[in-house]
Each structure stands twice: as structure tokens, then as C-alpha cells.
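Presented below is the structure to which this report refers.
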Amino acid sequence: MAEAKIMDGNITVPYSWTTGPAIGAFLTGMRDDMKLVGVKCSKCGQVVCPPRDVCPKCFIKNDDYVTVGPAGTVVAFSVIHLPNDDQPAEPPYTLALINLDGADTNLVYLLGDVDPDDVEHGMRVEPVWKEERYGYLSDLKHFKPL
Amino acid sequence: MAENEPVMENLGRRLVPYHWSYGDSFTEFFKATKERGAILASRCPVCKGVMAPAVHMCGRCYCEVDEFFDVPDEGELVAYTVVYLPFPGQPNEPPYCYGYIHFDGADTMFPHMIKEVEFDDIQMGMRVKAVWEDPDKRKGDLFDIKHFKPIE
């Protein structure tokens with residue numbers, strides 16, 4: 001039997017993703033004002049960033065949007081060496097869990113302008129914005145050390 | 001850049017690369033289309049069913065099939081659809097017609113594009129024949145045949 005042939009193909013899947021009001025507010029804040037938007041719960045006072053429609057603790061509707069950061073603290077990080085189709089940068093790159101000033105939850109984001117070997121827990125970082133912003137997460141390039 | 005409308009949606013395109021292994025049966029079938037411009041069929045020893053494309057195991061009897069031969073590259077159009085709706089991944093800009101061809105001597109149907117005919121003139125049962133791609137350009141896939149066209 002002849003060796004089985006393999007077809008290499010590629011399917012392009014276009015999509016439209018609706019943000020909902022909370023992430024809509026987050027992305028609008030990034031695009032228009034280069035600010036990071038969280039939401040404050042009227043019951044427990046917790047500030048969640050990125051914002052959610054409903055408080056994860058109290059389950060009540062949240063729509064009191066507040067600005068957090070712009071600076072934050074690295075509470076955890078991972079240096080990624082393994083390449084993959086979806087990577088945000090050429091390996092090795094650092095993904096950090098960032099506690100933005102004023103927020104009670106943490107944001108995962110790419111760190112840039114810093115060598116992975118120099119990243120430390122407790123490091124202070126600030127956002128680096130793209131010049132042209134369209135209301136996509138990629139408007140925020142990365143966080144860099146203060 | 002700064003529009004007054006709040007952000008409500010993000011648009012994107014995901015690329016999904018894949019490897020598809022043909023398996024023995026399609027490997028042989030597409031080798032025949034590529035190298036010989038021929039339609040390879042098989043006959044089951046138990047039910048005598050003639051399958052085009054050829055198979056190595058009969059889907060009705062679950063037995064091994066080992067009789068292979070060519071069938072003519074023409075036959076009857078037994079079903080068709082004219083597609084007007086655009087959608088990702090379609091083989092042509094709409095409108096286009098694709099149908100199922102019952103090759104002479106085969107018991108199964110083969111899907112492909114129907115061209116060189118006005119949509120209104122396409123009829124159930126009409127005789128169609130394969131229009132082959134240039135031998136140098138065939139890659140061993142479904143488009144070794146460009147399309148099917150009506151014949152008298």
C-alpha cells in the first residue's frame with residue numbers, strides 16, 4: 001500500500017465578538033483615554049479589573065465603573081519558552097499577574113522592555129499604550145517597569 | 001481612532017491550520033486523479049456494490065474490498081444546489097452550483113461543482129462529464145477535476 005498522503009490546509013474563521021457592557025467600558029477607556037477601567041461593587045466595595053457585569057462575591061449587578069492604576073505591582077509571573085501559534089511575543093517572554101493600584105483582583109498581561117531574568121515579585125509596572133488604538137485589548141502593548 | 005461610540009464588538013480572524021491524513025482509500029483515489037486523470041472505483045465481494053471513490057472496506061458489509069478498476073468520468077446528475085449565500089470557506093464566490101454525480105457503473109454519488117451551464121438549465125438526471133485540470137497542475141485533491149459540465 002502506498003504511504004498515506006497528508007493534506008496541509010488552512011481554514012480562516014472570521015468572527016465578531018460582542019463585548020457586553022463591562023468589557024465594552026474597559027475597552028472604551030483604553031481606546032479613548034488610555035485608562036484602565038474597573039468596577040466597584042456597591043455592596044461589598046470590591047473593585048474588579050477587568051470589570052464584570054455582576055460582582056463575583058455578591059452576585060449583584062455592578063455598573064459603578066472606576067479608574068484603576070495606571071501603575072500596578074507584579075504579584076506573580078511566568079517566563080514562557082515554549083513557542084505556540086497564539087503567542088503574544090517571541091519566546092522567551094514574561095506573562096505577569098499584575099495587581100493594579102486600587103483594584104482587588106489581578107490582571108494577566110505581557111511584560112515588555114524588561115529582560116525576563118530581571119523580573120521580580122513586587123516589581124512596580126505601568127502600561128505602555130499603542131499610538132493608534134481601536135478598542136481592542138492589543139491597544140495595550142505591555143506593562144513595563146516604572 | 002477616537003470615535004464617540006462606545007466599544008461594543010471586536011472583529012477577528014482565526015487561522016486554523018490543519019493536517020488531514022487521507023488514509024489508504026483516498027490516497028489511491030487521488031493518486032489516480034493526479035497521475036492518470038481517472039476515477040478509481042471498487043467492488044465489494046459480498047454485496048457487489050461499486051463505490052466511487054474506491055474504498056478498502058465496504059461500509060455496508062464491513063468486509064475487505066480488493067477489486068479496483070476505473071469508471072468513466074461521466075454520469076448522471078442526481079442532486080444539485082445553487083448557492084447564493086456567501087460564507088467563509090466556500091470554493092467559489094456565489095452564486096455557484098454544486099451537485100452529486102452518479103458515475104456510469106457506480107452505486108455511490110460524487111460531489112463536485114457544476115459549471116458551463118445556466119442555473120435555470122440544470123436538470124435532475126442530466127448527463128455531466130468531468131473537466132480535468134492540466135496534468136501538470138494537479139495536486140492530488142478534489143480539484144484535480146475543475147468541475148463537471150453537461151454533455152449530450
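All residue names refer to the C-alpha cells as shown: chains lettered A, B, ... in order, residues numbered from 1 in each chain, ligands numbered from 1 in order.
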
Problem set entry | strand (DSSP E) positions in chain B, given as a PyMOL selection string | chain B and resi 9-21+39-43+50-51+67-71+74-83+96-103+110-114+127-132+145-150

For the contact check between chain A and chain B, emit one row per residue of chain A within 12 Å, containing the shortest atom pair and the distance in Å rounded to one decimal, counting only C-alpha atoms, chain then rising number order, as a Markdown table.
```
| residue | atom | partner | partner_atom | distance |
| --- | --- | --- | --- | --- |
| A:Met1 | CA | B:Asp24 | CA | 7.3 |
| A:Ala2 | CA | B:Asp24 | CA | 7.5 |
| A:Glu3 | CA | B:Asp24 | CA | 7.6 |
| A:Ala4 | CA | B:Gly23 | CA | 5.3 |
| A:Lys5 | CA | B:Tyr22 | CA | 5.5 |
| A:Ile6 | CA | B:Ser21 | CA | 4.4 |
| A:Met7 | CA | B:Trp20 | CA | 5.1 |
| A:Asp8 | CA | B:His19 | CA | 4.6 |
| A:Gly9 | CA | B:Tyr18 | CA | 5.3 |
| A:Asn10 | CA | B:Pro17 | CA | 4.3 |
| A:Ile11 | CA | B:Val16 | CA | 5.1 |
| A:Thr12 | CA | B:Leu15 | CA | 4.7 |
| A:Val13 | CA | B:Arg14 | CA | 5.1 |
| A:Pro14 | CA | B:Arg13 | CA | 4.2 |
| A:Tyr15 | CA | B:Gly12 | CA | 5.4 |
| A:Ser16 | CA | B:Leu11 | CA | 4.5 |
| A:Trp17 | CA | B:Asn10 | CA | 5.2 |
| A:Thr18 | CA | B:Glu9 | CA | 4.2 |
| A:Thr19 | CA | B:Glu9 | CA | 5.3 |
| A:Gly20 | CA | B:Met8 | CA | 6.6 |
| A:Pro21 | CA | B:Met8 | CA | 7.4 |
| A:Ala22 | CA | B:Met8 | CA | 9.7 |
| A:Ile23 | CA | B:Met8 | CA | 8.3 |
| A:Gly24 | CA | B:Val7 | CA | 5.0 |
| A:Ala25 | CA | B:Val7 | CA | 7.1 |
| A:Phe26 | CA | B:Val7 | CA | 8.6 |
| A:Leu27 | CA | B:Val7 | CA | 6.3 |
| A:Thr28 | CA | B:Val7 | CA | 5.3 |
| A:Gly29 | CA | B:Pro6 | CA | 8.9 |
| A:Met30 | CA | B:Val7 | CA | 9.9 |
| A:Arg31 | CA | B:Ala2 | CA | 6.8 |
| A:Asp32 | CA | B:Ala2 | CA | 5.5 |
| A:Asp33 | CA | B:Ala2 | CA | 9.0 |
| A:Met34 | CA | B:Ala2 | CA | 10.9 |
| A:Asp85 | CA | B:Leu15 | CA | 9.3 |
| A:Asp86 | CA | B:Arg14 | CA | 9.8 |
| A:Lys130 | CA | B:Met1 | CA | 11.4 |
| A:Glu131 | CA | B:Met1 | CA | 9.7 |
| A:Glu132 | CA | B:Met1 | CA | 6.6 |
| A:Arg133 | CA | B:Met1 | CA | 6.1 |
| A:Tyr134 | CA | B:Met1 | CA | 6.0 |
| A:Gly135 | CA | B:Val7 | CA | 6.0 |
| A:Tyr136 | CA | B:Asn10 | CA | 6.6 |
| A:Leu137 | CA | B:Asn10 | CA | 9.2 |
| A:Ser138 | CA | B:Asn10 | CA | 11.0 |
| A:Asp139 | CA | B:Met1 | CA | 11.0 |
```

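Atom CA of Glu118 of chain B is positioned 13.1 Å from atom CA of Tyr80 of chain B.
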
Exercise. Hey, what does DSSP flag as alpha helix (DSSP H) within segment 30-127 of chain A? Can you give it to me as a VMD selection string?
Worked result: chain A and resid 30 to 33

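The interatomic distance for the pair atom CA of Pro51 of chain A and atom CA of Gly38 of chain A works out to 4.7 Å.
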
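Distances from B:Val46, B:Leu85, B:Leu142, B:Cys97 to Ala32 of chain B were compared using only C-alpha atoms, and the smallest one belongs to B:Leu142.
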
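One distance worth recording is that between atom CA of Ser78 of chain A and atom CA of Val54 of chain A, which is 29.3 Å.
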
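Each of A:Ala71, A:Cys58, A:Leu110, A:Ala89 was checked against Met123 of chain A using only C-alpha atoms; the smallest atom-to-atom distance is that of A:Ala71.
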